[in-house]
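The data block below is start-v2.cif; it holds mmCIF, C-alpha atoms; chains and numbers go by the auth columns.
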data_start
loop_
_atom_site.group_PDB
_atom_site.id
_atom_site.type_symbol
_atom_site.label_atom_id
_atom_site.label_comp_id
_atom_site.label_asym_id
_atom_site.label_seq_id
_atom_site.Cartn_x
_atom_site.Cartn_y
_atom_site.Cartn_z
_atom_site.B_iso_or_equiv
_atom_site.auth_seq_id
_atom_site.auth_asym_id
ATOM 1 C CA MET A 1 0.000 0.000 0.000 0.00 1314 A
ATOM 2 C CA SER A 2 1.375 3.398 -0.920 0.00 1315 A
ATOM 3 C CA ARG A 3 1.019 6.485 1.218 0.00 1316 A
ATOM 4 C CA ALA A 4 0.065 9.899 -0.054 0.00 1317 A
ATOM 5 C CA VAL A 5 0.355 13.281 1.561 0.00 1318 A
ATOM 6 C CA LEU A 6 -2.530 15.579 0.842 0.00 1319 A
ATOM 7 C CA ARG A 7 -2.605 19.241 1.707 0.00 1320 A
ATOM 8 C CA HIS A 8 -5.296 21.820 1.416 0.00 1321 A
ATOM 9 C CA LEU A 9 -4.560 24.953 -0.564 0.00 1322 A
ATOM 10 C CA ARG A 10 -6.202 28.328 -0.376 0.00 1323 A
ATOM 11 C CA TRP A 11 -7.195 29.715 -3.766 0.00 1324 A
ATOM 12 C CA THR A 12 -7.881 33.179 -5.113 0.00 1325 A
ATOM 13 C CA ILE A 13 -9.579 34.442 -8.255 0.00 1326 A
ATOM 14 C CA THR A 14 -8.494 37.496 -10.256 0.00 1327 A
ATOM 15 C CA PRO A 15 -9.152 39.012 -13.686 0.00 1328 A
ATOM 16 C CA ASP A 16 -7.120 37.057 -16.224 0.00 1329 A
ATOM 17 C CA THR A 17 -4.417 39.218 -17.790 0.00 1330 A
ATOM 18 C CA GLU A 18 -2.307 36.313 -19.058 0.00 1331 A
ATOM 19 C CA PRO A 19 -1.420 36.284 -22.786 0.00 1332 A
ATOM 20 C CA ASP A 20 -3.478 33.101 -23.339 0.00 1333 A
ATOM 21 C CA THR A 21 -6.658 34.655 -21.947 0.00 1334 A
ATOM 22 C CA ASN A 22 -9.791 33.167 -23.477 0.00 1335 A
ATOM 23 C CA THR A 23 -12.311 35.929 -24.216 0.00 1336 A
ATOM 24 C CA ASP A 24 -14.845 33.691 -25.971 0.00 1337 A
ATOM 25 C CA ALA A 25 -18.306 34.677 -24.831 0.00 1338 A
ATOM 26 C CA ASP A 26 -19.715 31.170 -24.614 0.00 1339 A
ATOM 27 C CA THR A 27 -21.507 32.165 -21.407 0.00 1340 A
ATOM 28 C CA ASN A 28 -22.817 35.616 -20.673 0.00 1341 A
ATOM 29 C CA ALA A 29 -22.696 36.721 -17.065 0.00 1342 A
ATOM 30 C CA ASP A 30 -23.583 40.081 -15.629 0.00 1343 A
ATOM 31 C CA THR A 31 -20.597 41.570 -13.861 0.00 1344 A
ATOM 32 C CA ASN A 32 -18.895 44.888 -13.277 0.00 1345 A
ATOM 33 C CA THR A 33 -16.053 46.534 -15.181 0.00 1346 A
ATOM 34 C CA ASP A 34 -13.534 46.930 -12.339 0.00 1347 A
ATOM 35 C CA ALA A 35 -11.085 44.806 -14.304 0.00 1348 A
ATOM 36 C CA GLU A 36 -10.864 47.397 -17.084 0.00 1349 A
ATOM 37 C CA SER A 37 -8.335 49.298 -14.981 0.00 1350 A
ATOM 38 C CA ASP A 38 -6.209 46.115 -14.813 0.00 1351 A
ATOM 39 C CA GLY A 39 -5.831 46.029 -18.603 0.00 1352 A
ATOM 40 C CA VAL A 40 -8.509 43.371 -19.165 0.00 1353 A
ATOM 41 C CA GLN A 41 -10.833 44.224 -22.036 0.00 1354 A
ATOM 42 C CA PRO A 42 -14.404 42.996 -21.522 0.00 1355 A
ATOM 43 C CA LEU A 43 -16.762 42.001 -24.325 0.00 1356 A
ATOM 44 C CA PHE A 44 -20.107 43.827 -24.378 0.00 1357 A
ATOM 45 C CA ALA A 45 -23.447 42.799 -25.837 0.00 1358 A
ATOM 46 C CA MET A 46 -27.032 44.051 -25.652 0.00 1359 A
ATOM 47 C CA ARG A 47 -30.142 41.871 -25.595 0.00 1360 A
ATOM 48 C CA CYS A 48 -33.630 43.112 -26.360 0.00 1361 A
ATOM 49 C CA THR A 49 -35.881 41.944 -23.521 0.00 1362 A
ATOM 50 C CA VAL A 50 -38.942 42.116 -25.771 0.00 1363 A
ATOM 51 C CA CYS A 51 -37.904 39.794 -28.608 0.00 1364 A
ATOM 52 C CA GLY A 52 -34.597 38.331 -27.380 0.00 1365 A
ATOM 53 C CA ALA A 53 -32.518 39.659 -30.284 0.00 1366 A
ATOM 54 C CA VAL A 54 -28.848 40.064 -29.336 0.00 1367 A
ATOM 55 C CA SER A 55 -26.145 42.327 -30.683 0.00 1368 A
ATOM 56 C CA GLY A 56 -22.818 40.797 -31.544 0.00 1369 A
ATOM 57 C CA ASP A 57 -20.092 40.705 -28.881 0.00 1370 A
ATOM 58 C CA THR A 58 -17.815 43.717 -29.137 0.00 1371 A
ATOM 59 C CA GLU A 59 -15.039 45.372 -27.159 0.00 1372 A
ATOM 60 C CA ASP A 60 -16.757 48.725 -27.831 0.00 1373 A
ATOM 61 C CA ARG A 61 -19.535 49.438 -25.331 0.00 1374 A
ATOM 62 C CA ASN A 62 -20.828 52.272 -27.539 0.00 1375 A
ATOM 63 C CA ALA A 63 -21.234 49.897 -30.487 0.00 1376 A
ATOM 64 C CA ALA A 64 -23.426 47.619 -28.377 0.00 1377 A
ATOM 65 C CA ALA A 65 -25.502 50.604 -27.248 0.00 1378 A
ATOM 66 C CA GLY A 66 -25.718 51.767 -30.865 0.00 1379 A
ATOM 67 C CA TRP A 67 -27.155 48.391 -31.829 0.00 1380 A
ATOM 68 C CA ALA A 68 -29.898 48.845 -29.211 0.00 1381 A
ATOM 69 C CA LEU A 69 -30.755 52.292 -30.553 0.00 1382 A
ATOM 70 C CA THR A 70 -30.938 50.969 -34.116 0.00 1383 A
ATOM 71 C CA HIS A 71 -33.066 48.027 -32.984 0.00 1384 A
ATOM 72 C CA SER A 72 -35.484 50.407 -31.199 0.00 1385 A
ATOM 73 C CA GLY A 73 -35.641 52.567 -34.320 0.00 1386 A
ATOM 74 C CA ARG A 74 -36.690 49.552 -36.384 0.00 1387 A
ATOM 75 C CA ASN A 75 -38.990 48.203 -33.648 0.00 1388 A
ATOM 76 C CA PRO A 76 -40.488 51.175 -31.768 0.00 1389 A
ATOM 77 C CA ALA A 77 -42.193 48.973 -29.144 0.00 1390 A
ATOM 78 C CA HIS A 78 -38.833 47.425 -28.166 0.00 1391 A
ATOM 79 C CA ARG A 79 -37.533 49.810 -25.513 0.00 1392 A
ATOM 80 C CA THR A 80 -35.975 47.624 -22.833 0.00 1393 A
ATOM 81 C CA TYR A 81 -32.563 45.977 -23.038 0.00 1394 A
ATOM 82 C CA ARG A 82 -30.136 44.060 -20.892 0.00 1395 A
ATOM 83 C CA GLU A 83 -26.415 44.675 -21.212 0.00 1396 A
ATOM 84 C CA THR A 84 -24.143 41.724 -20.656 0.00 1397 A
ATOM 85 C CA LEU A 85 -20.400 41.635 -20.560 0.00 1398 A
ATOM 86 C CA VAL A 86 -17.816 38.932 -20.305 0.00 1399 A
ATOM 87 C CA LEU A 87 -14.603 39.242 -18.317 0.00 1400 A
ATOM 88 C CA PRO A 88 -12.051 36.434 -18.214 0.00 1401 A
ATOM 89 C CA TYR A 89 -10.952 35.270 -14.756 0.00 1402 A
ATOM 90 C CA ARG A 90 -8.293 32.839 -13.586 0.00 1403 A
ATOM 91 C CA THR A 91 -7.855 31.011 -10.293 0.00 1404 A
ATOM 92 C CA TYR A 92 -4.502 30.548 -8.530 0.00 1405 A
ATOM 93 C CA PRO A 93 -3.290 28.917 -5.334 0.00 1406 A
ATOM 94 C CA VAL A 94 -2.480 31.627 -2.774 0.00 1407 A
ATOM 95 C CA GLY A 95 1.267 32.213 -2.639 0.00 1408 A
ATOM 96 C CA ARG A 96 1.876 30.935 -6.178 0.00 1409 A
ATOM 97 C CA PRO A 97 5.402 31.394 -7.510 0.00 1410 A
#

Can you give me the file's structure in the form of structure tokens?
Amino acid sequence: MSRAVLRHLRWTITPDTEPDTNTDADTNADTNTDAESDGVQPLFAMRCTVCGAVSGDTEDRNAAAGWALTHSGRNPAHRTYRETLVLPYRTYPVGRP
């Protein structure tokens, strides 16, 4: 029988600024933009809450808002939207090298 030593590690989570950061928006989660000051660029999108139409993901928040304005212009009864943004995060053991 072999013996193993197990130890518990404390972990932390931070915005991912590594070069291999995955910014694919395969899940949309509402979050804040505090990471923008850390050099992490979020992806923005707008979703019409009336019909469910969604703008494309973009790094330009104004482009997403512009899509909503255009959509309202074409569909005057569609006046409510939900903004979503995606920020990459990475977990690390506390005290990592």

Taking (-35.6, 41.8, -22.2) in the file's coordinates, which residues come within 9 Å, counting only C-alpha atoms, written as an mmCIF file with C-alpha atoms, in the coordinates of the input?
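The new file result.cif reads:
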data_model
loop_
_atom_site.group_PDB
_atom_site.id
_atom_site.type_symbol
_atom_site.label_atom_id
_atom_site.label_comp_id
_atom_site.auth_asym_id
_atom_site.auth_seq_id
_atom_site.Cartn_x
_atom_site.Cartn_y
_atom_site.Cartn_z
ATOM 1 C CA ARG A 1360 -30.142 41.871 -25.595
ATOM 2 C CA CYS A 1361 -33.630 43.112 -26.360
ATOM 3 C CA THR A 1362 -35.881 41.944 -23.521
ATOM 4 C CA VAL A 1363 -38.942 42.116 -25.771
ATOM 5 C CA CYS A 1364 -37.904 39.794 -28.608
ATOM 6 C CA GLY A 1365 -34.597 38.331 -27.380
ATOM 7 C CA ALA A 1366 -32.518 39.659 -30.284
ATOM 8 C CA HIS A 1391 -38.833 47.425 -28.166
ATOM 9 C CA ARG A 1392 -37.533 49.810 -25.513
ATOM 10 C CA THR A 1393 -35.975 47.624 -22.833
ATOM 11 C CA TYR A 1394 -32.563 45.977 -23.038
ATOM 12 C CA ARG A 1395 -30.136 44.060 -20.892
#

(request) Would you mind telling me which residue in A:Tyr1402, A:Thr1397, A:Gly1408, A:Ala1381 lies nearest to Ile1326 in chain A when using only C-alpha atoms? (result) A:Tyr1402

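Remark: for Ser1368 in chain A, the closest of the candidate residues A:Val1407, A:His1384, A:Arg1316, A:Pro1332 is A:His1384 (distances computed over all atoms listed in the file).
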
(request) Run the PyMOL selection byres ((chain A and resi 1331) around 10) mentally over the shown coordinates, then write out the matched residues as a ChimeraX atom specification, using the chain letters and numbers from the document. (result) /A:1328-1330,1332-1335,1353,1401-1403

(message) Using Å and a single decimal, report how far CA of Trp1324 in chain A sits from CA of Pro1355 in chain A.
(response)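 Pair CA of Pro1355 in chain A / CA of Trp1324 in chain A returns 23.3 Å.
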
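Separating CA of Arg1374 in chain A from CA of Thr1404 in chain A is a distance of 26.5 Å.
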
(message) What's the separation between CA of Leu1322 in chain A and CA of Gln1354 in chain A, in Å to one decimal place?
(response)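 CA of Gln1354 in chain A lies 29.5 Å from CA of Leu1322 in chain A.
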
Find the smallest box with edges along x, y and z containing every listed atom of range 1365-1372 of chain A, then add 8 Å on each side and report centre and edge lengths in Å to one decimal, as JSON.
{"center_x": -24.8, "center_y": 41.9, "center_z": -29.4, "size_x": 35.6, "size_y": 23.0, "size_z": 20.4}

(request) Apply the PyMOL selection byres ((chain A and resi 1398) around 6) to the structure shown and report the selected residues as a VMD selection string. (result) chain A and resid 1356 to 1357 1397 1399
